[in-house]
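Student: Input structure: input00.cif, which contains mmCIF, C-alpha atoms.
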```cif
data_start
loop_
_atom_site.label_atom_id
_atom_site.label_comp_id
_atom_site.auth_asym_id
_atom_site.auth_seq_id
_atom_site.Cartn_x
_atom_site.Cartn_y
_atom_site.Cartn_z
CA MET W 247 -0.93 2.83 -17.30
CA SER W 248 2.69 2.29 -18.22
CA LYS W 249 3.59 -1.06 -19.71
CA ARG W 250 6.75 -1.16 -17.63
CA LEU W 251 6.72 -3.07 -14.34
CA TRP W 252 9.17 -1.92 -11.69
CA PHE W 253 10.97 -3.87 -8.99
CA TYR W 254 12.78 -2.49 -5.98
CA THR W 255 15.44 -5.16 -5.58
CA ASN W 256 16.49 -3.91 -2.15
CA TYR W 257 16.46 -0.87 0.07
CA HIS W 258 20.06 -0.70 1.25
CA CYS W 259 22.63 1.36 -0.55
CA ASN W 260 26.31 2.21 -0.25
CA LEU W 261 25.27 5.88 -0.46
CA ALA W 262 22.81 7.99 1.54
CA CYS W 263 21.79 10.73 -0.89
CA THR W 264 20.08 13.77 0.58
CA TYR W 265 17.06 13.44 -1.70
CA CYS W 266 16.63 9.66 -1.57
CA LEU W 267 12.98 8.67 -1.74
CA THR W 268 13.53 5.51 0.24
CA GLU W 269 15.93 6.77 2.92
CA SER W 270 18.38 4.20 1.64
CA SER W 271 21.80 3.96 3.24
CA PRO W 272 24.29 1.28 4.25
CA SER W 273 22.60 0.88 7.64
CA VAL W 274 18.91 0.42 6.73
CA PRO W 275 17.30 -3.03 6.61
CA LYS W 276 18.10 -4.62 3.24
CA ARG W 277 14.53 -5.64 2.39
CA ILE W 278 15.67 -7.78 -0.53
CA PHE W 279 13.21 -8.88 -3.19
CA GLN W 280 14.03 -12.53 -3.77
CA PRO W 281 15.43 -13.06 -7.29
CA GLU W 282 13.34 -16.20 -7.91
CA GLU W 283 10.20 -14.26 -7.11
CA MET W 284 11.22 -11.42 -9.43
CA ILE W 285 11.76 -13.85 -12.28
CA SER W 286 8.44 -15.55 -11.64
CA ILE W 287 6.63 -12.21 -11.61
CA ALA W 288 8.44 -11.06 -14.75
CA LYS W 289 6.99 -14.10 -16.53
CA GLN W 290 3.52 -13.16 -15.31
CA ALA W 291 4.14 -9.58 -16.41
CA SER W 292 4.95 -10.71 -19.92
CA GLU W 293 1.78 -12.81 -20.06
CA LEU W 294 -0.28 -9.85 -18.84
CA GLY W 295 1.05 -7.56 -21.56
CA PHE W 296 3.80 -5.63 -19.82
CA GLU W 297 6.52 -4.76 -22.29
CA SER W 298 9.52 -4.05 -20.09
CA ILE W 299 10.90 -4.29 -16.60
CA GLY W 300 12.45 -1.53 -14.51
CA ILE W 301 14.80 -2.35 -11.68
CA THR W 302 15.82 0.05 -8.96
CA GLY W 303 16.58 0.16 -5.24
CA GLY W 304 18.49 0.85 -2.96
CA GLU W 305 21.50 0.02 -5.01
CA PRO W 306 20.74 -3.10 -7.06
CA PHE W 307 24.43 -3.95 -7.52
CA LEU W 308 24.68 -4.68 -3.80
CA ILE W 309 22.84 -7.90 -4.60
CA PRO W 310 25.64 -10.35 -5.44
CA THR W 311 23.51 -12.39 -7.83
CA LEU W 312 22.11 -9.39 -9.71
CA VAL W 313 23.74 -10.18 -13.07
CA ASP W 314 22.39 -13.73 -13.08
CA THR W 315 18.94 -12.38 -12.24
CA LEU W 316 19.24 -9.82 -15.02
CA HIS W 317 19.99 -12.57 -17.53
CA SER W 318 16.91 -14.51 -16.45
CA ILE W 319 14.66 -11.46 -16.64
CA LEU W 320 16.16 -10.40 -19.97
CA ASP W 321 15.12 -13.80 -21.33
CA ILE W 322 11.57 -12.60 -20.68
CA LEU W 323 11.45 -8.83 -21.22
CA PRO W 324 13.76 -5.85 -21.86
CA VAL W 325 15.15 -4.24 -18.71
CA THR W 326 16.02 -0.75 -17.56
CA LEU W 327 18.28 -0.84 -14.53
CA LEU W 328 18.95 2.15 -12.30
CA THR W 329 22.26 2.32 -10.46
CA ASN W 330 24.37 4.88 -8.67
CA GLY W 331 27.32 3.76 -10.78
CA THR W 332 29.78 3.51 -7.93
CA LEU W 333 30.27 -0.24 -7.69
CA PHE W 334 31.88 -0.95 -11.05
CA HIS W 335 35.21 -2.33 -9.98
CA LYS W 336 37.26 -4.36 -12.40
CA LYS W 337 35.68 -7.71 -11.51
CA ARG W 338 32.16 -6.31 -11.90
CA ILE W 339 33.03 -4.81 -15.30
CA GLU W 340 34.24 -8.24 -16.41
CA GLU W 341 31.02 -9.80 -15.18
CA LEU W 342 28.97 -7.23 -17.06
CA ARG W 343 30.53 -8.21 -20.37
CA SER W 344 28.11 -11.13 -20.47
CA LEU W 345 25.28 -8.61 -20.80
CA ALA W 346 26.62 -7.09 -24.02
CA GLY W 347 24.05 -7.31 -26.79
CA ARG W 348 21.14 -7.92 -24.47
CA ASP W 349 18.12 -5.60 -24.37
CA LEU W 350 19.32 -3.75 -21.29
CA ARG W 351 19.48 -0.05 -20.55
CA MET W 352 21.56 0.93 -17.55
CA GLN W 353 20.76 4.33 -16.08
CA ILE W 354 23.42 5.96 -13.94
CA SER W 355 22.92 8.88 -11.61
CA LEU W 356 25.02 11.99 -12.15
CA ASP W 357 23.59 15.26 -10.93
CA TYR W 358 26.20 17.97 -11.42
CA ALA W 359 29.27 18.61 -13.54
CA THR W 360 31.67 19.05 -10.66
CA PRO W 361 32.56 16.72 -7.82
CA GLN W 362 31.95 19.46 -5.26
CA GLU W 363 28.34 20.00 -6.29
CA ASN W 364 27.55 16.41 -7.20
CA ASP W 365 29.05 14.80 -4.14
CA ALA W 366 27.45 17.25 -1.74
CA MET W 367 24.07 15.65 -2.49
CA ARG W 368 25.36 12.09 -2.85
CA ALA W 369 28.67 11.04 -1.34
CA ARG W 370 32.32 11.92 -1.43
CA GLY W 371 34.06 10.25 -4.37
CA ASN W 372 30.78 9.54 -6.16
CA PHE W 373 31.52 11.85 -9.08
CA GLU W 374 34.91 10.34 -9.85
CA LYS W 375 33.62 6.79 -9.70
CA VAL W 376 30.78 7.56 -12.09
CA ILE W 377 32.82 9.35 -14.72
CA GLN W 378 35.36 6.55 -14.59
CA ALA W 379 32.71 3.86 -14.92
CA ILE W 380 30.70 5.26 -17.82
CA PRO W 381 33.40 4.90 -20.50
CA LEU W 382 34.18 1.36 -19.30
CA LEU W 383 30.50 0.41 -19.54
CA LEU W 384 30.09 2.02 -22.95
CA ASP W 385 33.13 0.10 -24.09
CA ILE W 386 31.58 -3.30 -23.24
CA PRO W 387 29.27 -2.17 -24.99
CA LEU W 388 26.21 -1.51 -22.85
CA HIS W 389 23.42 0.96 -23.46
CA ILE W 390 24.11 3.61 -20.84
CA ARG W 391 21.89 6.51 -19.88
CA VAL W 392 22.55 9.28 -17.38
CA ALA W 393 19.87 10.53 -15.02
CA SER W 394 20.30 13.86 -13.29
CA THR W 395 18.08 14.47 -10.32
CA ILE W 396 18.11 18.10 -9.34
CA ASP W 397 16.50 20.61 -7.05
CA GLN W 398 17.47 23.61 -9.10
CA HIS W 399 20.11 24.03 -11.79
CA THR W 400 21.37 27.38 -12.99
CA SER W 401 21.74 27.63 -16.75
CA GLN W 402 25.52 27.52 -16.24
CA GLU W 403 25.27 24.32 -14.24
CA GLU W 404 22.94 22.85 -16.82
CA ASP W 405 25.31 23.73 -19.67
CA ALA W 406 28.28 22.29 -17.80
CA LEU W 407 26.42 19.07 -17.07
CA ASN W 408 25.24 18.69 -20.66
CA LYS W 409 28.80 19.18 -21.89
CA LEU W 410 30.17 16.64 -19.45
CA VAL W 411 27.54 14.05 -20.34
CA HIS W 412 28.23 14.61 -24.04
CA LYS W 413 31.96 14.30 -23.42
CA LEU W 414 31.35 10.99 -21.66
CA GLY W 415 29.79 9.69 -24.86
CA ILE W 416 26.15 9.77 -23.84
CA PRO W 417 23.81 11.08 -26.57
CA LYS W 418 21.32 13.77 -25.60
CA LYS W 419 18.40 11.35 -25.88
CA ASP W 420 19.97 9.25 -23.16
CA HIS W 421 20.35 12.08 -20.67
CA ILE W 422 17.32 12.42 -18.40
CA VAL W 423 16.92 15.41 -16.14
CA ARG W 424 14.26 15.16 -13.49
CA LYS W 425 13.21 17.09 -10.43
CA ILE W 426 13.59 15.84 -6.89
CA ILE W 427 10.24 14.61 -5.62
CA HIS W 428 9.24 15.85 -2.16
CA ARG W 429 8.94 12.46 -0.51
CA GLY W 430 11.09 10.30 1.74
CA ARG W 431 14.39 11.84 2.79
CA ALA W 432 13.88 14.71 0.35
CA GLN W 433 10.78 15.64 2.33
CA SER W 434 12.73 15.53 5.60
CA GLN W 435 15.40 17.74 4.01
CA GLY W 436 12.86 20.19 2.59
CA LEU W 437 13.83 19.37 -0.96
CA GLY W 438 11.92 18.83 -4.15
CA ILE W 439 8.55 19.43 -5.68
CA ASN W 440 5.22 18.08 -4.56
CA ALA W 441 3.75 15.60 -6.98
CA SER W 442 0.12 14.68 -6.73
CA ILE W 443 -1.33 11.39 -7.79
CA GLU W 444 -2.64 13.07 -10.94
CA GLU W 445 0.93 13.97 -11.92
CA LEU W 446 2.66 10.68 -11.24
CA MET W 447 2.45 8.27 -14.13
CA PRO W 448 0.93 5.01 -12.96
CA GLU W 449 3.74 2.47 -13.30
CA LEU W 450 3.09 -0.56 -11.15
CA THR W 451 6.01 -0.97 -8.77
CA LEU W 452 6.72 -3.98 -6.57
CA THR W 453 8.77 -4.09 -3.40
CA VAL W 454 8.91 -6.47 -0.48
CA ASP W 455 6.30 -4.20 1.11
CA GLY W 456 3.72 -4.57 -1.65
CA ALA W 457 2.57 -3.08 -4.92
CA PHE W 458 2.68 0.68 -5.41
CA TRP W 459 1.40 3.33 -7.80
CA SER W 460 4.80 4.21 -9.29
CA PRO W 461 8.52 3.96 -8.55
CA PHE W 462 8.15 7.32 -6.79
CA ALA W 463 5.68 5.74 -4.36
CA PRO W 464 7.28 3.14 -2.02
CA THR W 465 8.99 5.81 0.01
CA TYR W 466 10.21 5.76 3.57
CA LYS W 467 10.16 8.74 5.92
CA ASP W 468 11.56 8.65 9.44
CA GLY W 469 12.01 4.92 9.05
CA ARG W 470 8.34 4.27 8.25
CA LEU W 471 6.84 3.19 4.97
CA GLN W 472 4.59 5.86 3.44
CA LYS W 473 1.46 3.97 2.45
CA ASP W 474 -0.46 6.70 0.66
CA LEU W 475 0.45 5.31 -2.77
CA LEU W 476 0.18 1.65 -1.81
CA ILE W 477 -1.98 -0.37 -4.19
CA SER W 478 -1.99 -3.68 -2.36
CA ASN W 479 0.13 -5.76 -0.02
CA THR W 480 -0.48 -8.71 -2.29
CA ILE W 481 1.93 -8.87 -5.21
CA GLN W 482 1.27 -12.40 -6.46
CA PRO W 483 -0.44 -13.33 -8.63
CA LEU W 484 0.53 -10.15 -10.44
CA SER W 485 -2.99 -9.89 -11.81
CA ALA W 486 -4.18 -8.99 -8.29
CA PRO W 487 -2.45 -5.59 -8.01
CA VAL W 488 -2.86 -5.03 -11.76
CA ASP W 489 -6.63 -5.41 -11.46
CA ILE W 490 -6.80 -3.02 -8.51
CA LEU W 491 -4.61 -0.46 -10.25
CA LEU W 492 -6.51 -0.64 -13.52
CA SER W 493 -9.88 -0.24 -11.85
CA PHE W 494 -8.56 2.69 -9.84
CA ILE W 495 -6.86 4.45 -12.74
CA ALA W 496 -10.20 4.94 -14.42
CA GLN W 497 -11.13 7.31 -11.57
CA ILE W 498 -7.96 9.41 -11.73
CA PRO W 499 -7.39 12.00 -14.45
CA TYR W 500 -3.65 11.47 -14.93
CA GLN W 501 -1.90 14.66 -16.01
CA ALA W 502 1.82 14.16 -16.26
CA ASN W 503 4.19 17.04 -16.31
CA GLU W 504 7.77 17.12 -17.53
CA HIS W 505 9.21 16.36 -14.10
CA THR W 506 6.98 13.56 -12.95
CA ALA W 507 6.36 11.58 -16.10
CA GLY W 508 8.47 8.68 -14.95
CA PHE W 509 11.66 7.35 -13.48
CA VAL W 510 13.35 7.05 -16.86
CA MET Q 1438 -5.57 2.70 22.36
CA SER Q 1439 -5.37 0.80 19.11
CA ILE Q 1440 -2.29 -1.38 18.77
CA ILE Q 1441 -1.93 -0.35 15.12
CA THR Q 1442 -1.96 3.05 13.45
CA LEU Q 1443 -5.40 4.16 12.33
CA LEU Q 1444 -4.70 5.73 8.97
CA SER Q 1445 -6.13 9.14 8.20
CA LYS Q 1446 -7.38 9.79 4.69
CA SER Q 1447 -4.13 11.46 3.66
CA GLN Q 1448 -2.08 8.57 5.06
CA ALA Q 1449 -4.29 5.87 3.63
CA PRO Q 1450 -3.56 4.10 0.35
CA ILE Q 1451 -5.12 5.94 -2.56
CA THR Q 1452 -7.31 3.01 -3.47
CA THR Q 1453 -9.00 3.12 -0.06
CA ARG Q 1454 -9.85 6.80 0.12
CA SER Q 1455 -13.32 6.43 -1.30
CA PHE Q 1456 -14.17 4.77 2.02
CA TYR Q 1457 -13.33 8.01 3.85
CA ALA Q 1458 -16.13 10.56 3.94
CA GLN Q 1459 -13.87 12.89 5.93
CA GLU Q 1460 -10.20 13.02 6.95
CA THR Q 1461 -10.92 10.26 9.45
CA ALA Q 1462 -12.99 7.13 9.06
CA SER Q 1463 -14.22 4.49 11.48
CA PRO Q 1464 -11.50 2.48 13.22
CA ILE Q 1465 -12.62 -0.59 11.27
CA ILE Q 1466 -11.99 1.15 7.95
CA SER Q 1467 -8.92 3.10 9.00
CA SER Q 1468 -7.26 -0.06 10.31
CA ILE Q 1469 -8.14 -2.39 7.43
CA ALA Q 1470 -6.85 0.36 5.10
CA HIS Q 1471 -3.37 -0.98 5.84
CA VAL Q 1472 -4.31 -3.81 3.48
CA PRO Q 1473 -6.16 -2.09 0.65
CA GLU Q 1474 -7.04 -5.26 -1.22
CA LEU Q 1475 -8.77 -6.52 1.93
CA LEU Q 1476 -10.70 -3.30 2.41
CA LEU Q 1477 -11.74 -3.17 -1.24
CA LYS Q 1478 -13.25 -6.63 -1.10
CA GLY Q 1479 -14.07 -6.91 2.59
CA MET Q 1480 -16.03 -3.70 3.14
CA PRO Q 1481 -18.66 -4.39 0.49
CA PHE Q 1482 -19.24 -7.75 2.17
CA ILE Q 1483 -19.31 -6.26 5.66
CA GLY Q 1484 -21.61 -3.48 4.50
CA GLN Q 1485 -23.97 -5.96 2.90
CA ALA Q 1486 -23.86 -8.42 5.78
CA LEU Q 1487 -24.31 -5.85 8.56
CA GLY Q 1488 -26.25 -3.08 6.83
CA ALA Q 1489 -29.90 -2.87 5.90
CA SER Q 1490 -30.91 -5.30 3.19
CA SER Q 1491 -34.04 -7.33 2.67
CA VAL Q 1492 -33.66 -7.76 6.42
CA SER Q 1493 -34.48 -4.54 8.27
CA LEU Q 1494 -31.82 -2.45 9.96
CA ARG Q 1495 -33.66 -2.99 13.25
CA MET Q 1496 -33.23 -6.76 13.03
CA LYS Q 1497 -29.62 -6.46 11.88
CA GLU Q 1498 -28.75 -4.16 14.76
CA MET Q 1499 -30.49 -6.42 17.26
CA MET Q 1500 -28.24 -9.27 16.18
CA ILE Q 1501 -25.10 -7.12 16.05
CA LEU Q 1502 -25.55 -5.62 19.50
CA ARG Q 1503 -26.52 -8.96 21.03
CA ALA Q 1504 -23.58 -10.84 19.51
CA SER Q 1505 -21.16 -8.06 20.47
CA THR Q 1506 -22.39 -8.23 24.05
CA LYS Q 1507 -21.99 -12.00 24.13
CA LEU Q 1508 -18.48 -11.70 22.69
CA HIS Q 1509 -17.58 -9.00 25.24
CA CYS Q 1510 -16.46 -6.62 22.51
CA SER Q 1511 -16.47 -3.18 24.10
CA TYR Q 1512 -15.83 -1.37 20.81
CA CYS Q 1513 -18.74 -3.01 18.99
CA THR Q 1514 -21.10 -2.92 21.98
CA ASN Q 1515 -20.60 0.80 22.57
CA THR Q 1516 -20.64 1.67 18.88
CA HIS Q 1517 -23.72 -0.39 18.05
CA THR Q 1518 -25.61 0.83 21.07
CA VAL Q 1519 -25.48 4.19 19.32
CA VAL Q 1520 -26.48 2.65 15.99
CA CYS Q 1521 -29.40 0.91 17.72
CA ILE Q 1522 -30.57 4.27 19.06
CA GLN Q 1523 -30.36 5.67 15.55
CA ALA Q 1524 -32.21 2.63 14.19
CA GLY Q 1525 -35.11 3.37 16.52
CA LEU Q 1526 -34.77 0.65 19.16
CA THR Q 1527 -36.12 1.66 22.54
CA HIS Q 1528 -33.98 2.25 25.59
CA ASN Q 1529 -35.28 -0.92 27.21
CA GLU Q 1530 -34.77 -3.00 24.08
CA ILE Q 1531 -31.16 -1.88 23.93
CA LEU Q 1532 -30.64 -2.65 27.61
CA ALA Q 1533 -32.10 -6.13 27.08
CA LEU Q 1534 -29.86 -6.81 24.10
CA ARG Q 1535 -26.89 -5.66 26.21
CA GLY Q 1536 -27.89 -8.14 28.91
CA GLU Q 1537 -28.88 -5.41 31.35
CA LYS Q 1538 -32.57 -6.41 31.34
CA GLU Q 1539 -34.37 -9.69 30.69
CA VAL Q 1540 -35.16 -10.22 27.02
CA ASP Q 1541 -38.54 -11.78 27.82
CA GLU Q 1542 -39.58 -8.73 29.84
CA VAL Q 1543 -38.92 -6.35 26.98
CA PHE Q 1544 -39.44 -8.17 23.69
CA THR Q 1545 -42.93 -9.45 23.09
CA GLU Q 1546 -42.85 -10.68 19.50
CA ALA Q 1547 -42.07 -14.37 19.27
CA LYS Q 1548 -40.12 -13.96 16.04
CA GLU Q 1549 -37.83 -11.33 17.55
CA LYS Q 1550 -37.24 -13.43 20.65
CA LEU Q 1551 -36.39 -16.34 18.40
CA LEU Q 1552 -33.89 -14.17 16.53
CA ILE Q 1553 -32.23 -13.22 19.81
CA ALA Q 1554 -32.09 -16.89 20.82
CA TRP Q 1555 -30.48 -17.71 17.46
CA THR Q 1556 -27.94 -14.96 18.01
CA ASP Q 1557 -27.18 -16.26 21.49
CA ALA Q 1558 -26.73 -19.78 20.19
CA MET Q 1559 -24.39 -18.71 17.42
CA SER Q 1560 -22.40 -16.52 19.81
CA ASN Q 1561 -21.92 -19.33 22.28
CA GLY Q 1562 -18.47 -20.44 21.21
CA GLY Q 1563 -18.22 -23.81 19.54
CA ASN Q 1564 -21.21 -25.27 21.31
CA PRO Q 1565 -23.71 -27.02 19.04
CA ILE Q 1566 -27.02 -25.34 18.23
CA SER Q 1567 -29.98 -27.42 19.33
CA THR Q 1568 -32.13 -29.19 16.77
CA SER Q 1569 -35.26 -27.68 18.27
CA LEU Q 1570 -33.94 -24.15 17.81
CA LYS Q 1571 -33.01 -24.91 14.19
CA GLU Q 1572 -36.50 -26.29 13.59
CA GLN Q 1573 -38.10 -23.19 15.06
CA MET Q 1574 -36.01 -21.00 12.79
CA ILE Q 1575 -37.08 -23.00 9.75
CA GLN Q 1576 -40.72 -22.67 10.81
CA HIS Q 1577 -40.64 -18.91 11.31
CA TYR Q 1578 -38.16 -17.61 8.77
CA SER Q 1579 -37.41 -18.13 5.09
CA GLU Q 1580 -34.19 -19.81 4.02
CA ALA Q 1581 -32.92 -16.49 2.66
CA GLU Q 1582 -33.59 -14.81 6.00
CA ILE Q 1583 -31.81 -17.55 7.93
CA VAL Q 1584 -28.79 -17.16 5.65
CA GLU Q 1585 -28.77 -13.39 6.13
CA PHE Q 1586 -29.18 -13.65 9.88
CA SER Q 1587 -26.44 -16.21 10.23
CA LEU Q 1588 -23.97 -14.30 8.09
CA CYS Q 1589 -24.78 -11.08 9.92
CA ILE Q 1590 -24.06 -12.75 13.24
CA GLY Q 1591 -20.99 -14.52 11.88
CA ALA Q 1592 -19.56 -11.29 10.43
CA THR Q 1593 -20.27 -9.51 13.71
CA ILE Q 1594 -18.40 -12.15 15.67
CA MET Q 1595 -15.46 -11.82 13.25
CA LEU Q 1596 -15.41 -8.06 13.78
CA ASN Q 1597 -15.86 -8.49 17.55
CA ARG Q 1598 -12.69 -10.50 17.71
CA TYR Q 1599 -10.89 -8.16 15.30
CA ALA Q 1600 -11.85 -5.00 17.20
CA SER Q 1601 -11.02 -6.53 20.58
CA ALA Q 1602 -7.70 -7.92 19.44
CA LEU Q 1603 -6.61 -4.58 17.99
CA SER Q 1604 -8.09 -2.55 20.88
CA LEU Q 1605 -9.95 -0.29 18.50
CA PRO Q 1606 -11.08 2.93 20.21
CA VAL Q 1607 -14.71 4.04 20.38
CA ASP Q 1608 -15.50 7.32 18.62
CA PRO Q 1609 -15.64 10.07 21.32
CA ASP Q 1610 -18.87 11.34 19.76
CA HIS Q 1611 -20.41 7.93 20.39
CA LEU Q 1612 -19.29 8.00 24.00
CA ARG Q 1613 -20.96 11.39 24.43
CA ILE Q 1614 -24.18 10.01 22.95
CA LEU Q 1615 -24.07 7.03 25.30
CA ASN Q 1616 -23.66 9.34 28.28
CA LYS Q 1617 -26.39 11.66 27.12
CA GLN Q 1618 -28.81 8.79 26.54
CA GLY Q 1619 -28.09 7.23 29.91
CA PHE Q 1620 -26.25 4.10 28.76
CA SER Q 1621 -23.22 2.84 30.59
CA ILE Q 1622 -19.99 2.65 28.67
CA VAL Q 1623 -18.86 -0.94 28.31
CA SER Q 1624 -15.16 -1.43 28.91
#
```
Could the structure of this file be written out as structure tokens, please?

Tutor:
Amino acid sequence: MSKRLWFYTNYHCNLACTYCLTESSPSVPKRIFQPEEMISIAKQASELGFESIGITGGEPFLIPTLVDTLHSILDILPVTLLTNGTLFHKKRIEELRSLAGRDLRMQISLDYATPQENDAMRARGNFEKVIQAIPLLLDIPLHIRVASTIDQHTSQEEDALNKLVHKLGIPKKDHIVRKIIHRGRAQSQGLGINASIEELMPELTLTVDGAFWSPFAPTYKDGRLQKDLLISNTIQPLSAPVDILLSFIAQIPYQANEHTAGFV
Amino acid sequence: MSIITLLSKSQAPITTRSFYAQETASPIISSIAHVPELLLKGMPFIGQALGASSVSLRMKEMMILRASTKLHCSYCTNTHTVVCIQAGLTHNEILALRGEKEVDEVFTEAKEKLLIAWTDAMSNGGNPISTSLKEQMIQHYSEAEIVEFSLCIGATIMLNRYASALSLPVDPDHLRILNKQGFSIVS
């Protein structure tokens, strides 16, 4: 079992990507994980032996108090934060300066090397916003990673993307390429690869709906939560879902592959 | 029609799937599966309280069917009529437990009649249980048996209310068995 604990901060998003696991969009219910509860659970996670926190959504930066919450969680454990990278206006960049030097990795989504290809899966203007934001974030300085979620890349597209990421100042070790998982909206759109429980790394993931097997698990399809990878509705005390997951893991021969090893 | 989705094995949380022998499971399991932590801890208790133990399955099923009848739970009454058949109770015994014949006309053993009276008393809402009935139980049964009986009846009443509240559907195979064996279907 991974020693990273994940939180879904919220389910709403300013984008509505075609492969989104959680059917996030501007119009879905926000389903916000209360910051105080996240901080409390992060403390429990540290006591239970977790070594880092992952934060995803929805788009976490739609939560106005996110940076304050990040500071509080970073006082407890290192954090990896996933973002679509489109909400880094000048004021937000200034706010993020306070996070310089903290043990934070920010992972930004960028799928293709051209706006036409990238924005077709995500949203118009997404590409430009991301490539403008990355240098500003690196300049703070923050530890920035790029995650590319793809259905199928040609070798030309892959080369072009690698060159672009390199040009943006992201080292190869900080560029993650992963396959679309056939769940949520990706499933509705006929995209992605099937991933069985044996292939998904167990990384306990908490949302307002409960505790799940991994960050690939708390998916929504046709507006309904998919419960097949639900561990428990109870999330506190954290030891409750941890105990259930640990006792269950012993029965499952986990066999990760390169595409399903984890969110980061 | 159940008011909540009865989860199939493929829909059910991974931690609950060991409770599914096939793609579908009983409505009790496939409804509680919405809350895996409850199923994981609750089903072992329910299984122990309602299943065969040091108390015979016959006695457990007598209590379950009687309590379910008293609580007017159609799901449990229909389902456990079938289980009573499988447990070897006679047609007349089942009818008596369902209130369709007089208990005294069918059951002859004093201890079994006492068990039915205990079930009736426990299933009678919040009304107190008479001292004389408690004394008879103490005379005829061990303390361990009284605990098992009372928890079996209590767990049945809990499930009666649960199944009725959620309108859990009776397995069509059970309905066919009831028809074939000449029992009316309780609605």

Student: With only C-alpha atoms counted, which protein, DNA or RNA residues have an atom no more than 8 Å from (-7.6, 4.3, 9.7) in the file frame? Please answer as a count of residues only.

Tutor: 17

Student: The PyMOL selection byres ((chain Q) within 8 of (chain W)) on the file shown: which residues, as a PyMOL selection string?

Tutor: chain Q and resi 1447-1452+1471-1474

Student: One decimal, in Å: what's the spacing between atom CA of Phe296 of chain W and atom CA of Lys249 of chain W?

Tutor: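 Calculated distance between atom CA of Phe296 of chain W and atom CA of Lys249 of chain W is 4.6 Å.
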
Student: Could you tell me which residues the PyMOL selection byres ((chain W and resi 320-327) around 8) returns for this structure, as a PDB file with C-alpha atoms, in the frame of the given file?

Tutor:
```
ATOM      1  CA  ALA W 288       8.440 -11.060 -14.750  1.00  0.00           C
ATOM      2  CA  LYS W 289       6.990 -14.100 -16.530  1.00  0.00           C
ATOM      3  CA  SER W 292       4.950 -10.710 -19.920  1.00  0.00           C
ATOM      4  CA  GLU W 297       6.520  -4.760 -22.290  1.00  0.00           C
ATOM      5  CA  SER W 298       9.520  -4.050 -20.090  1.00  0.00           C
ATOM      6  CA  ILE W 299      10.900  -4.290 -16.600  1.00  0.00           C
ATOM      7  CA  GLY W 300      12.450  -1.530 -14.510  1.00  0.00           C
ATOM      8  CA  ILE W 301      14.800  -2.350 -11.680  1.00  0.00           C
ATOM      9  CA  THR W 302      15.820   0.050  -8.960  1.00  0.00           C
ATOM     10  CA  LEU W 316      19.240  -9.820 -15.020  1.00  0.00           C
ATOM     11  CA  HIS W 317      19.990 -12.570 -17.530  1.00  0.00           C
ATOM     12  CA  SER W 318      16.910 -14.510 -16.450  1.00  0.00           C
ATOM     13  CA  ILE W 319      14.660 -11.460 -16.640  1.00  0.00           C
ATOM     14  CA  LEU W 328      18.950   2.150 -12.300  1.00  0.00           C
ATOM     15  CA  THR W 329      22.260   2.320 -10.460  1.00  0.00           C
ATOM     16  CA  ARG W 348      21.140  -7.920 -24.470  1.00  0.00           C
ATOM     17  CA  ASP W 349      18.120  -5.600 -24.370  1.00  0.00           C
ATOM     18  CA  LEU W 350      19.320  -3.750 -21.290  1.00  0.00           C
ATOM     19  CA  ARG W 351      19.480  -0.050 -20.550  1.00  0.00           C
ATOM     20  CA  MET W 352      21.560   0.930 -17.550  1.00  0.00           C
ATOM     21  CA  GLN W 353      20.760   4.330 -16.080  1.00  0.00           C
TER      22      GLN W 353
END
```

Student: In Å, with one decimal, what is the gap from atom CA of Asn260 of chain W to atom CA of Pro272 of chain W?

Tutor: 5.0 Å

Student: Where does the PyMOL selection byres ((chain W and resi 339) around 12) land in this file, that is, which residues does it pick, as a list of chain:residue names?

Tutor: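 For this structure, the PyMOL selection byres ((chain W and resi 339) around 12) captures W:Phe307, W:Val313, W:Gly331, W:Thr332, W:Leu333, W:Phe334, W:His335, W:Lys336, W:Lys337, W:Arg338, W:Glu340, W:Glu341, W:Leu342, W:Arg343, W:Ser344, W:Leu345, W:Ala346, W:Gln378, W:Ala379, W:Ile380, W:Pro381, W:Leu382, W:Leu383, W:Leu384, W:Asp385, W:Ile386, W:Pro387, W:Leu388.
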
Student: So that I can see what lies close to segment 1607-1620 of chain Q, please list as number ranges by chain the residues with an atom at most 9 Å from it, counting all atoms listed in the file and leaving out residues fewer than 4 positions away in the same chain.

Tutor: Q: 1463-1464, 1511-1513, 1515-1516, 1518-1519, 1522, 1528, 1532

Student: Taking all atoms of segment 1572-1591 of chain Q that the file lists and extending 8 Å past them on each side, where is the centre of the axis-aligned box and how long are its edges? Answer in Å to one decimal, as lines of an AutoDock Vina configuration file.

Tutor:
```
center_x = -30.9
center_y = -18.7
center_z = 8.9
size_x = 35.7
size_y = 31.2
size_z = 28.4
```

Student: How many Å separate atom CA of Ile390 of chain W from atom CA of Glu283 of chain W?

Tutor: 26.5 Å

Student: Env of Asp1541 of chain Q: 12 Å cut, atoms = all atoms listed in the file, seq-sep filter 2 positions within chain, self excluded. Answer as a ChimeraX atom specification.

Tutor: /Q:1529-1530,1533-1534,1536,1538-1539,1543-1547,1549-1551,1553-1554

Student: Could you check which of W:Leu410, W:Ile439, W:Cys259, W:Ala457 is closest to Asn330 of chain W, using only C-alpha atoms?

Tutor: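 Residue with the minimum atom-to-atom distance to Asn330 of chain W: W:Cys259.
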
Student: Go through Q:His1509, Q:Lys1571, Q:Arg1535, Q:Arg1454 and flag the residue nearest Leu1476 of chain Q, using all atoms listed in the file for the distances.

Tutor: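 Closest candidate: Q:Arg1454.
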